[in-house]
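A.B. asks: Data file work15.pdb (PDB, C-alpha atoms and all ligand atoms) is appended below.
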```pdb
ATOM      1  CA  MET A  42      22.390 -37.123 -40.637  1.00  0.00           C
ATOM      2  CA  LYS A  43      21.969 -37.065 -36.869  1.00  0.00           C
ATOM      3  CA  ARG A  44      24.737 -38.346 -34.631  1.00  0.00           C
ATOM      4  CA  PRO A  45      24.335 -42.021 -33.569  1.00  0.00           C
ATOM      5  CA  TRP A  46      23.099 -41.200 -30.048  1.00  0.00           C
ATOM      6  CA  ASN A  47      20.451 -38.853 -31.455  1.00  0.00           C
ATOM      7  CA  LEU A  48      19.052 -41.410 -33.910  1.00  0.00           C
ATOM      8  CA  THR A  49      17.491 -43.524 -31.158  1.00  0.00           C
ATOM      9  CA  ASN A  50      14.176 -43.071 -29.381  1.00  0.00           C
ATOM     10  CA  LEU A  51      14.995 -43.645 -25.723  1.00  0.00           C
ATOM     11  CA  PRO A  52      12.400 -44.060 -22.978  1.00  0.00           C
ATOM     12  CA  VAL A  53      12.226 -41.091 -20.618  1.00  0.00           C
ATOM     13  CA  TYR A  54      12.503 -41.734 -16.889  1.00  0.00           C
ATOM     14  CA  SER A  55      12.561 -39.643 -13.744  1.00  0.00           C
ATOM     15  CA  LEU A  56      14.622 -40.645 -10.719  1.00  0.00           C
ATOM     16  CA  VAL A  57      13.179 -39.783  -7.309  1.00  0.00           C
ATOM     17  CA  THR A  58      15.999 -39.200  -4.814  1.00  0.00           C
ATOM     18  CA  SER A  59      16.008 -38.033  -1.230  1.00  0.00           C
ATOM     19  CA  SER A  60      18.061 -36.214   1.352  1.00  0.00           C
ATOM     20  CA  GLY A  61      16.566 -36.808   4.791  1.00  0.00           C
ATOM     21  CA  ASP A  62      12.865 -36.166   4.299  1.00  0.00           C
ATOM     22  CA  ALA A  63      13.358 -33.852   1.280  1.00  0.00           C
ATOM     23  CA  PHE A  64      12.689 -35.405  -2.120  1.00  0.00           C
ATOM     24  CA  ASN A  65      13.701 -34.379  -5.625  1.00  0.00           C
ATOM     25  CA  MET A  66      13.029 -35.587  -9.179  1.00  0.00           C
ATOM     26  CA  ASN A  67      15.111 -35.260 -12.350  1.00  0.00           C
ATOM     27  CA  VAL A  68      14.605 -36.453 -15.928  1.00  0.00           C
ATOM     28  CA  CYS A  69      16.944 -39.176 -17.190  1.00  0.00           C
ATOM     29  CA  THR A  70      17.404 -41.157 -20.376  1.00  0.00           C
ATOM     30  CA  TYR A  71      20.851 -42.623 -19.640  1.00  0.00           C
ATOM     31  CA  VAL A  72      19.074 -45.574 -18.039  1.00  0.00           C
ATOM     32  CA  VAL A  73      19.424 -49.204 -19.075  1.00  0.00           C
ATOM     33  CA  PRO A  74      18.668 -52.686 -17.702  1.00  0.00           C
ATOM     34  CA  VAL A  75      21.919 -54.668 -17.432  1.00  0.00           C
ATOM     35  CA  SER A  76      21.045 -57.929 -15.619  1.00  0.00           C
ATOM     36  CA  MET A  77      18.059 -60.278 -15.835  1.00  0.00           C
ATOM     37  CA  VAL A  78      18.386 -62.154 -12.525  1.00  0.00           C
ATOM     38  CA  PRO A  79      18.632 -60.269 -10.314  1.00  0.00           C
ATOM     39  CA  LYS A  80      17.109 -57.443 -12.342  1.00  0.00           C
ATOM     40  CA  MET A  81      19.589 -54.570 -12.350  1.00  0.00           C
ATOM     41  CA  TYR A  82      19.718 -51.132 -13.977  1.00  0.00           C
ATOM     42  CA  MET A  83      22.495 -48.664 -14.708  1.00  0.00           C
ATOM     43  CA  VAL A  84      21.621 -44.985 -14.345  1.00  0.00           C
ATOM     44  CA  ALA A  85      24.099 -42.232 -15.266  1.00  0.00           C
ATOM     45  CA  LEU A  86      23.803 -39.098 -13.125  1.00  0.00           C
ATOM     46  CA  ASP A  87      25.305 -35.701 -13.955  1.00  0.00           C
ATOM     47  CA  TYR A  88      27.931 -34.759 -11.357  1.00  0.00           C
ATOM     48  CA  ASN A  89      26.468 -31.237 -11.111  1.00  0.00           C
ATOM     49  CA  SER A  90      22.928 -32.339 -10.280  1.00  0.00           C
ATOM     50  CA  LEU A  91      21.156 -32.481  -6.940  1.00  0.00           C
ATOM     51  CA  SER A  92      20.043 -35.997  -7.933  1.00  0.00           C
ATOM     52  CA  TYR A  93      23.711 -37.069  -7.977  1.00  0.00           C
ATOM     53  CA  GLU A  94      24.409 -35.383  -4.643  1.00  0.00           C
ATOM     54  CA  ASN A  95      21.371 -37.106  -3.081  1.00  0.00           C
ATOM     55  CA  MET A  96      22.291 -40.481  -4.581  1.00  0.00           C
ATOM     56  CA  GLU A  97      25.855 -40.306  -3.267  1.00  0.00           C
ATOM     57  CA  LYS A  98      24.465 -40.310   0.262  1.00  0.00           C
ATOM     58  CA  SER A  99      21.392 -42.561   0.098  1.00  0.00           C
ATOM     59  CA  ASP A 100      20.885 -46.248  -0.683  1.00  0.00           C
ATOM     60  CA  TYR A 101      17.423 -46.164  -2.259  1.00  0.00           C
ATOM     61  CA  ALA A 102      15.657 -44.315  -5.070  1.00  0.00           C
ATOM     62  CA  VAL A 103      12.551 -44.771  -7.196  1.00  0.00           C
ATOM     63  CA  LEU A 104      12.857 -44.887 -10.976  1.00  0.00           C
ATOM     64  CA  GLN A 105       9.705 -43.697 -12.742  1.00  0.00           C
ATOM     65  CA  LEU A 106       9.065 -44.578 -16.373  1.00  0.00           C
ATOM     66  CA  LEU A 107       7.139 -41.433 -17.312  1.00  0.00           C
ATOM     67  CA  GLY A 108       3.779 -41.636 -19.067  1.00  0.00           C
ATOM     68  CA  ASP A 109       3.392 -40.073 -22.521  1.00  0.00           C
ATOM     69  CA  GLU A 110       1.365 -37.181 -21.056  1.00  0.00           C
ATOM     70  CA  ASP A 111       4.196 -36.362 -18.661  1.00  0.00           C
ATOM     71  CA  TYR A 112       6.087 -34.436 -21.373  1.00  0.00           C
ATOM     72  CA  SER A 113       4.542 -31.397 -19.668  1.00  0.00           C
ATOM     73  CA  VAL A 114       6.745 -31.783 -16.557  1.00  0.00           C
ATOM     74  CA  VAL A 115      10.017 -32.405 -18.430  1.00  0.00           C
ATOM     75  CA  ARG A 116      11.037 -28.743 -18.698  1.00  0.00           C
ATOM     76  CA  THR A 117      10.751 -28.275 -14.937  1.00  0.00           C
ATOM     77  CA  LEU A 118      12.140 -31.637 -13.786  1.00  0.00           C
ATOM     78  CA  GLY A 119      14.776 -31.980 -16.501  1.00  0.00           C
ATOM     79  CA  LYS A 120      15.942 -28.449 -17.178  1.00  0.00           C
ATOM     80  CA  LYS A 121      15.883 -26.951 -13.682  1.00  0.00           C
ATOM     81  CA  SER A 122      17.736 -28.072 -10.584  1.00  0.00           C
ATOM     82  CA  GLY A 123      16.108 -28.896  -7.282  1.00  0.00           C
ATOM     83  CA  ARG A 124      18.846 -26.693  -5.795  1.00  0.00           C
ATOM     84  CA  ASN A 125      16.998 -23.557  -6.866  1.00  0.00           C
ATOM     85  CA  THR A 126      13.508 -24.820  -7.792  1.00  0.00           C
ATOM     86  CA  ASP A 127      11.157 -26.597  -5.406  1.00  0.00           C
ATOM     87  CA  LYS A 128      10.084 -29.286  -7.873  1.00  0.00           C
ATOM     88  CA  MET A 129       7.987 -31.144  -5.309  1.00  0.00           C
ATOM     89  CA  ALA A 130       5.952 -27.979  -4.570  1.00  0.00           C
ATOM     90  CA  TYR A 131       5.493 -27.531  -8.344  1.00  0.00           C
ATOM     91  CA  LEU A 132       4.160 -31.105  -8.680  1.00  0.00           C
ATOM     92  CA  GLU A 133       1.939 -30.705  -5.600  1.00  0.00           C
ATOM     93  CA  ARG A 134       0.410 -27.541  -7.107  1.00  0.00           C
ATOM     94  CA  ARG A 135      -0.375 -29.574 -10.222  1.00  0.00           C
ATOM     95  CA  ASN A 136      -1.970 -32.206  -7.990  1.00  0.00           C
ATOM     96  CA  ILE A 137      -0.262 -35.117  -9.726  1.00  0.00           C
ATOM     97  CA  LEU A 138       1.615 -36.752  -6.836  1.00  0.00           C
ATOM     98  CA  SER A 139       0.874 -39.923  -4.924  1.00  0.00           C
ATOM     99  CA  GLU A 140       2.994 -42.179  -2.717  1.00  0.00           C
ATOM    100  CA  TRP A 141       4.724 -45.471  -3.497  1.00  0.00           C
ATOM    101  CA  HIS A 142       6.896 -47.326  -0.964  1.00  0.00           C
ATOM    102  CA  GLY A 143       7.524 -44.131   0.978  1.00  0.00           C
ATOM    103  CA  PHE A 144       8.486 -42.042  -2.074  1.00  0.00           C
ATOM    104  CA  PRO A 145       6.410 -39.365  -3.819  1.00  0.00           C
ATOM    105  CA  VAL A 146       5.665 -40.428  -7.400  1.00  0.00           C
ATOM    106  CA  ILE A 147       3.886 -38.947 -10.409  1.00  0.00           C
ATOM    107  CA  ASN A 148       0.403 -40.457 -10.691  1.00  0.00           C
ATOM    108  CA  ASN A 149       0.147 -41.486 -14.292  1.00  0.00           C
ATOM    109  CA  CYS A 150       3.594 -43.042 -14.828  1.00  0.00           C
ATOM    110  CA  SER A 151       3.876 -46.198 -16.928  1.00  0.00           C
ATOM    111  CA  ALA A 152       5.893 -47.983 -14.254  1.00  0.00           C
ATOM    112  CA  PHE A 153       7.781 -47.607 -11.000  1.00  0.00           C
ATOM    113  CA  MET A 154      10.844 -49.425  -9.683  1.00  0.00           C
ATOM    114  CA  LEU A 155      12.272 -49.287  -6.195  1.00  0.00           C
ATOM    115  CA  LEU A 156      16.062 -49.345  -6.647  1.00  0.00           C
ATOM    116  CA  LYS A 157      18.782 -50.267  -4.184  1.00  0.00           C
ATOM    117  CA  LYS A 158      22.232 -48.795  -4.843  1.00  0.00           C
ATOM    118  CA  ILE A 159      24.851 -51.517  -5.383  1.00  0.00           C
ATOM    119  CA  ARG A 160      27.909 -49.809  -6.897  1.00  0.00           C
ATOM    120  CA  ARG A 161      29.169 -46.544  -8.467  1.00  0.00           C
ATOM    121  CA  MET A 162      31.653 -45.914 -11.263  1.00  0.00           C
ATOM    122  CA  GLU A 163      33.087 -42.758 -12.845  1.00  0.00           C
ATOM    123  CA  GLY A 164      31.870 -42.202 -16.384  1.00  0.00           C
ATOM    124  CA  GLY A 165      33.011 -38.947 -17.982  1.00  0.00           C
ATOM    125  CA  ASP A 166      30.690 -36.119 -16.948  1.00  0.00           C
ATOM    126  CA  HIS A 167      28.245 -38.557 -15.321  1.00  0.00           C
ATOM    127  CA  GLU A 168      28.633 -41.146 -12.594  1.00  0.00           C
ATOM    128  CA  LEU A 169      27.255 -44.598 -13.346  1.00  0.00           C
ATOM    129  CA  PHE A 170      25.103 -46.082 -10.596  1.00  0.00           C
ATOM    130  CA  LEU A 171      24.336 -49.808 -10.582  1.00  0.00           C
ATOM    131  CA  PHE A 172      21.012 -50.551  -8.906  1.00  0.00           C
ATOM    132  CA  GLN A 173      19.135 -53.712  -8.033  1.00  0.00           C
ATOM    133  CA  VAL A 174      15.372 -53.626  -8.568  1.00  0.00           C
ATOM    134  CA  GLU A 175      13.748 -54.505  -5.232  1.00  0.00           C
ATOM    135  CA  LYS A 176      10.106 -53.851  -6.155  1.00  0.00           C
ATOM    136  CA  PHE A 177       8.301 -52.836  -9.296  1.00  0.00           C
ATOM    137  CA  GLN A 178       4.851 -51.917 -10.538  1.00  0.00           C
ATOM    138  CA  SER A 179       3.676 -51.607 -14.141  1.00  0.00           C
ATOM    139  CA  CYS A 180       0.673 -49.338 -14.694  1.00  0.00           C
ATOM    140  CA  HIS A 181       0.148 -48.804 -18.448  1.00  0.00           C
ATOM    141  CA  PRO A 182       2.162 -49.236 -21.670  1.00  0.00           C
ATOM    142  CA  ASP A 183       2.019 -45.643 -23.007  1.00  0.00           C
ATOM    143  CA  PHE A 184       5.416 -44.490 -21.802  1.00  0.00           C
ATOM    144  CA  LEU A 185       7.107 -41.220 -22.734  1.00  0.00           C
ATOM    145  CA  SER A 186       9.952 -41.425 -25.240  1.00  0.00           C
ATOM    146  CA  GLU A 187      12.275 -38.880 -26.848  1.00  0.00           C
ATOM    147  CA  LYS A 188      10.081 -38.817 -29.986  1.00  0.00           C
ATOM    148  CA  THR A 189       7.350 -36.940 -28.099  1.00  0.00           C
ATOM    149  CA  LEU A 190       9.918 -34.534 -26.588  1.00  0.00           C
ATOM    150  CA  ARG A 191      11.236 -33.822 -30.113  1.00  0.00           C
ATOM    151  CA  GLU A 192       7.720 -33.302 -31.513  1.00  0.00           C
ATOM    152  CA  LYS A 193       6.876 -30.910 -28.650  1.00  0.00           C
ATOM    153  CA  LYS A 194      10.232 -29.152 -29.212  1.00  0.00           C
ATOM    154  CA  ILE A 195      11.266 -29.800 -25.606  1.00  0.00           C
ATOM    155  CA  ILE A 196      14.571 -31.257 -26.837  1.00  0.00           C
ATOM    156  CA  GLY A 197      16.321 -30.150 -30.003  1.00  0.00           C
ATOM    157  CA  THR A 198      18.414 -33.237 -30.768  1.00  0.00           C
TER     158      THR A 198
HETATM  159  C1  LIG B 201      15.449 -35.521 -22.106  1.00  0.00           C
HETATM  160  C2  LIG B 201      16.414 -35.356 -20.970  1.00  0.00           C
HETATM  161  C3  LIG B 201      17.234 -36.412 -20.602  1.00  0.00           C
HETATM  162  C4  LIG B 201      18.117 -36.293 -19.530  1.00  0.00           C
HETATM  163  N1  LIG B 201      18.885 -37.369 -19.151  1.00  0.00           N
HETATM  164  C5  LIG B 201      19.677 -37.263 -18.058  1.00  0.00           C
HETATM  165  C6  LIG B 201      20.393 -38.400 -17.569  1.00  0.00           C
HETATM  166  O1  LIG B 201      20.316 -39.496 -18.100  1.00  0.00           O
HETATM  167  N2  LIG B 201      21.160 -38.233 -16.456  1.00  0.00           N
HETATM  168  C7  LIG B 201      21.258 -37.022 -15.812  1.00  0.00           C
HETATM  169  O2  LIG B 201      21.939 -36.935 -14.789  1.00  0.00           O
HETATM  170  N3  LIG B 201      20.609 -35.937 -16.258  1.00  0.00           N
HETATM  171  C8  LIG B 201      19.812 -36.038 -17.343  1.00  0.00           C
HETATM  172  N4  LIG B 201      19.108 -34.961 -17.779  1.00  0.00           N
HETATM  173  C9  LIG B 201      19.344 -33.664 -17.134  1.00  0.00           C
HETATM  174  C10 LIG B 201      18.737 -33.576 -15.745  1.00  0.00           C
HETATM  175  O3  LIG B 201      17.387 -33.971 -15.723  1.00  0.00           O
HETATM  176  C11 LIG B 201      18.900 -32.135 -15.305  1.00  0.00           C
HETATM  177  O4  LIG B 201      20.285 -31.875 -15.135  1.00  0.00           O
HETATM  178  C12 LIG B 201      18.152 -31.752 -14.078  1.00  0.00           C
HETATM  179  O5  LIG B 201      18.053 -30.334 -14.073  1.00  0.00           O
HETATM  180  C13 LIG B 201      18.817 -32.218 -12.809  1.00  0.00           C
HETATM  181  O6  LIG B 201      18.041 -31.745 -11.747  1.00  0.00           O
HETATM  182  P1  LIG B 201      18.511 -31.860 -10.235  1.00  0.00           P
HETATM  183  O7  LIG B 201      19.687 -30.909 -10.022  1.00  0.00           O
HETATM  184  O8  LIG B 201      17.277 -31.398  -9.497  1.00  0.00           O
HETATM  185  O9  LIG B 201      18.888 -33.265  -9.981  1.00  0.00           O
HETATM  186  C14 LIG B 201      18.201 -35.060 -18.824  1.00  0.00           C
HETATM  187  C15 LIG B 201      17.361 -33.982 -19.198  1.00  0.00           C
HETATM  188  C16 LIG B 201      16.478 -34.139 -20.249  1.00  0.00           C
HETATM  189  C17 LIG B 201      15.583 -32.966 -20.616  1.00  0.00           C
END
```
Output the file's structure as structure tokens, nothing else.
Ligand SMILES: Cc1cc2nc3c(=O)[nH]c(=O)nc-3n(C[C@H](O)[C@H](O)[C@H](O)COP(=O)(O)O)c2cc1C
C.D. replies:
Amino acid sequence: MKRPWNLTNLPVYSLVTSSGDAFNMNVCTYVVPVSMVPKMYMVALDYNSLSYENMEKSDYAVLQLLGDEDYSVVRTLGKKSGRNTDKMAYLERRNILSEWHGFPVINNCSAFMLLKKIRRMEGGDHELFLFQVEKFQSCHPDFLSEKTLREKKIIGT
């Protein structure tokens, strides 16, 4: 039997973070809504990631709920670091970027949320960021979940 945290079928997101005018995207599933009014989300970021380093210093980020077809970018966004891979150049070459509230985003996402950083808390090997949703846009309901990543053998758990 799988461990409890591998039994679930979590939605797959990508957080767009920035440092000056340089952007980066990760893949994240440790993402959960925690307040209805105002709408707030917790996102756990790996201390070793560029996304964490960017988020320490900036107040805003965009959370993308990836579309089911976006499994094809998960290896690059979620298994490589923006420290040694230019992920934005990779996405530009694939011609799948557009702009939303000043951030680059992946065209066919299910939804976008503009997040404002409210608070941070240590959480084991990740830091927990509490965000308030300032703007959102829903595009389509076919979001990417771990089930597709398991079927495509992108994750083994
Ligand atoms: C399916 C999946 C889920 C992930 N969930 C998270 C997560 O919730 N938080 C996190 O910080 N990293 C998560 N990661 C790992 C990051 O996406 C990964 O460390 C990435 O290389 C970080 O890139 P960066 O250094 O450019 O920020 C996940 C990766 C995958 C493939």
A.B. asks: Using only C-alpha atoms, determine which residues lie at most 7 Å from Asp183 of chain A, disregarding the query and same-chain residues fewer than 3 positions distant; provide the list as a list in words.
C.D. replies: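 Skipping anything fewer than 3 positions along the chain leaves Gly108, Asp109 and Ser151 of chain A.
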A.B. asks: Between A:Glu94, A:Glu110, A:Asp100, A:Glu163, which residue has the minimum interatomic distance to Thr189 of chain A, considering all atoms listed in the file?
C.D. replies: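 Among A:Glu94, A:Glu110, A:Asp100, A:Glu163, it is A:Glu110 that comes nearest to Thr189 of chain A.
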A.B. asks: Evaluate the PyMOL selection byres (((not hetatm)) within 7 of (chain B and resi 201)) here and jot the selected residues down as a ChimeraX atom specification.
C.D. replies: /A:53,65-72,84-87,89-93,115-116,118-124,167,187,196
A.B. asks: Using all atoms listed in the file, which residue out of A:Val114, A:Leu155, A:Ile195, A:Cys150 lies closest to Lys176 of chain A?
C.D. replies: A:Leu155
A.B. asks: What does the structure give for the distance between atom CA of Leu48 of chain A and atom CA of Glu192 of chain A, in Å to one decimal?
C.D. replies: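 If I compute the distance from atom CA of Leu48 of chain A to atom CA of Glu192 of chain A, I get 14.1 Å.
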A.B. asks: Please identify all polymer residues lying at most 12 Å from the point (0.6, -49.8, -19.7) (file coordinates), using only C-alpha atoms, and present the result as a ChimeraX atom specification.
C.D. replies: /A:106-109,149-153,178-185
A.B. asks: Could you dump the residues just selected with C-alpha atoms as an mmCIF file, keeping the file's coordinate frame?
C.D. replies:
```cif
data_model
loop_
_atom_site.group_PDB
_atom_site.id
_atom_site.type_symbol
_atom_site.label_atom_id
_atom_site.label_comp_id
_atom_site.auth_asym_id
_atom_site.auth_seq_id
_atom_site.Cartn_x
_atom_site.Cartn_y
_atom_site.Cartn_z
ATOM 1 C CA LEU A 106 9.065 -44.578 -16.373
ATOM 2 C CA LEU A 107 7.139 -41.433 -17.312
ATOM 3 C CA GLY A 108 3.779 -41.636 -19.067
ATOM 4 C CA ASP A 109 3.392 -40.073 -22.521
ATOM 5 C CA ASN A 149 0.147 -41.486 -14.292
ATOM 6 C CA CYS A 150 3.594 -43.042 -14.828
ATOM 7 C CA SER A 151 3.876 -46.198 -16.928
ATOM 8 C CA ALA A 152 5.893 -47.983 -14.254
ATOM 9 C CA PHE A 153 7.781 -47.607 -11.000
ATOM 10 C CA GLN A 178 4.851 -51.917 -10.538
ATOM 11 C CA SER A 179 3.676 -51.607 -14.141
ATOM 12 C CA CYS A 180 0.673 -49.338 -14.694
ATOM 13 C CA HIS A 181 0.148 -48.804 -18.448
ATOM 14 C CA PRO A 182 2.162 -49.236 -21.670
ATOM 15 C CA ASP A 183 2.019 -45.643 -23.007
ATOM 16 C CA PHE A 184 5.416 -44.490 -21.802
ATOM 17 C CA LEU A 185 7.107 -41.220 -22.734
#
```
A.B. asks: Ranking A:Ile159, A:Val174, A:Val57, A:Leu169 by minimum distance to Gln105 of chain A and counting only C-alpha atoms, which one comes first?
C.D. replies: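 Ranked by minimum distance to Gln105 of chain A, first place goes to A:Val57.
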A.B. asks: Need to verify the contact set: Val73 of chain A, 10 Å, only C-alpha atoms, exclusion of same-chain residues closer than 3 positions in sequence. Can you return it as a ChimeraX atom specification?
C.D. replies: /A:51-52,70,76,81-85,171
A.B. asks: For the file shown, report as a list in words the outcome of the PyMOL selection byres (((chain A and resi 103) around 6) and not hetatm) at residue level.
C.D. replies: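 After applying the PyMOL selection byres (((chain A and resi 103) around 6) and not hetatm), what remains is Leu56, Val57, Ala102, Leu104, Met154, Leu155 and Leu156 of chain A.
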A.B. asks: With all atoms of segment 56-65 of chain A from the file as input, state the centre and edge lengths in Å to one decimal of the axis-aligned box that has 5 Å extra on each side, as AutoDock Vina command-line options.
C.D. replies:
```
--center_x 15.4 --center_y -37.2 --center_z -3.0 --size_x 15.4 --size_y 16.8 --size_z 25.5
```
A.B. asks: Smallest atom-to-atom distance to Ile137 of chain A: which of A:Asn125, A:Ser113, A:Ser186, A:Thr198, using all atoms listed in the file?
C.D. replies: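 Ranking A:Asn125, A:Ser113, A:Ser186, A:Thr198 by distance to Ile137 of chain A, first place goes to A:Ser113.
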A.B. asks: Between A:Lys43, A:Lys98, A:Asn50, A:Phe64, which has the minimum distance to Glu140 of chain A (counting all atoms listed in the file)?
C.D. replies: A:Phe64
A.B. asks: Mind giving me the straight-line distance from atom CA of Arg191 of chain A to atom CA of Arg44 of chain A in Å, one decimal?
C.D. replies: 14.9 Å
A.B. asks: Counting all atoms listed in the file, which of A:Trp46, A:Tyr88, A:Tyr131, A:Tyr101 gets nearest to Phe172 of chain A?
C.D. replies: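 Using all atoms listed in the file, Phe172 of chain A sits closest to A:Tyr101.
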A.B. asks: What does the distance between atom CA of Ser99 of chain A and atom CA of Phe144 of chain A come to in Å, to one decimal place?
C.D. replies: 13.1 Å
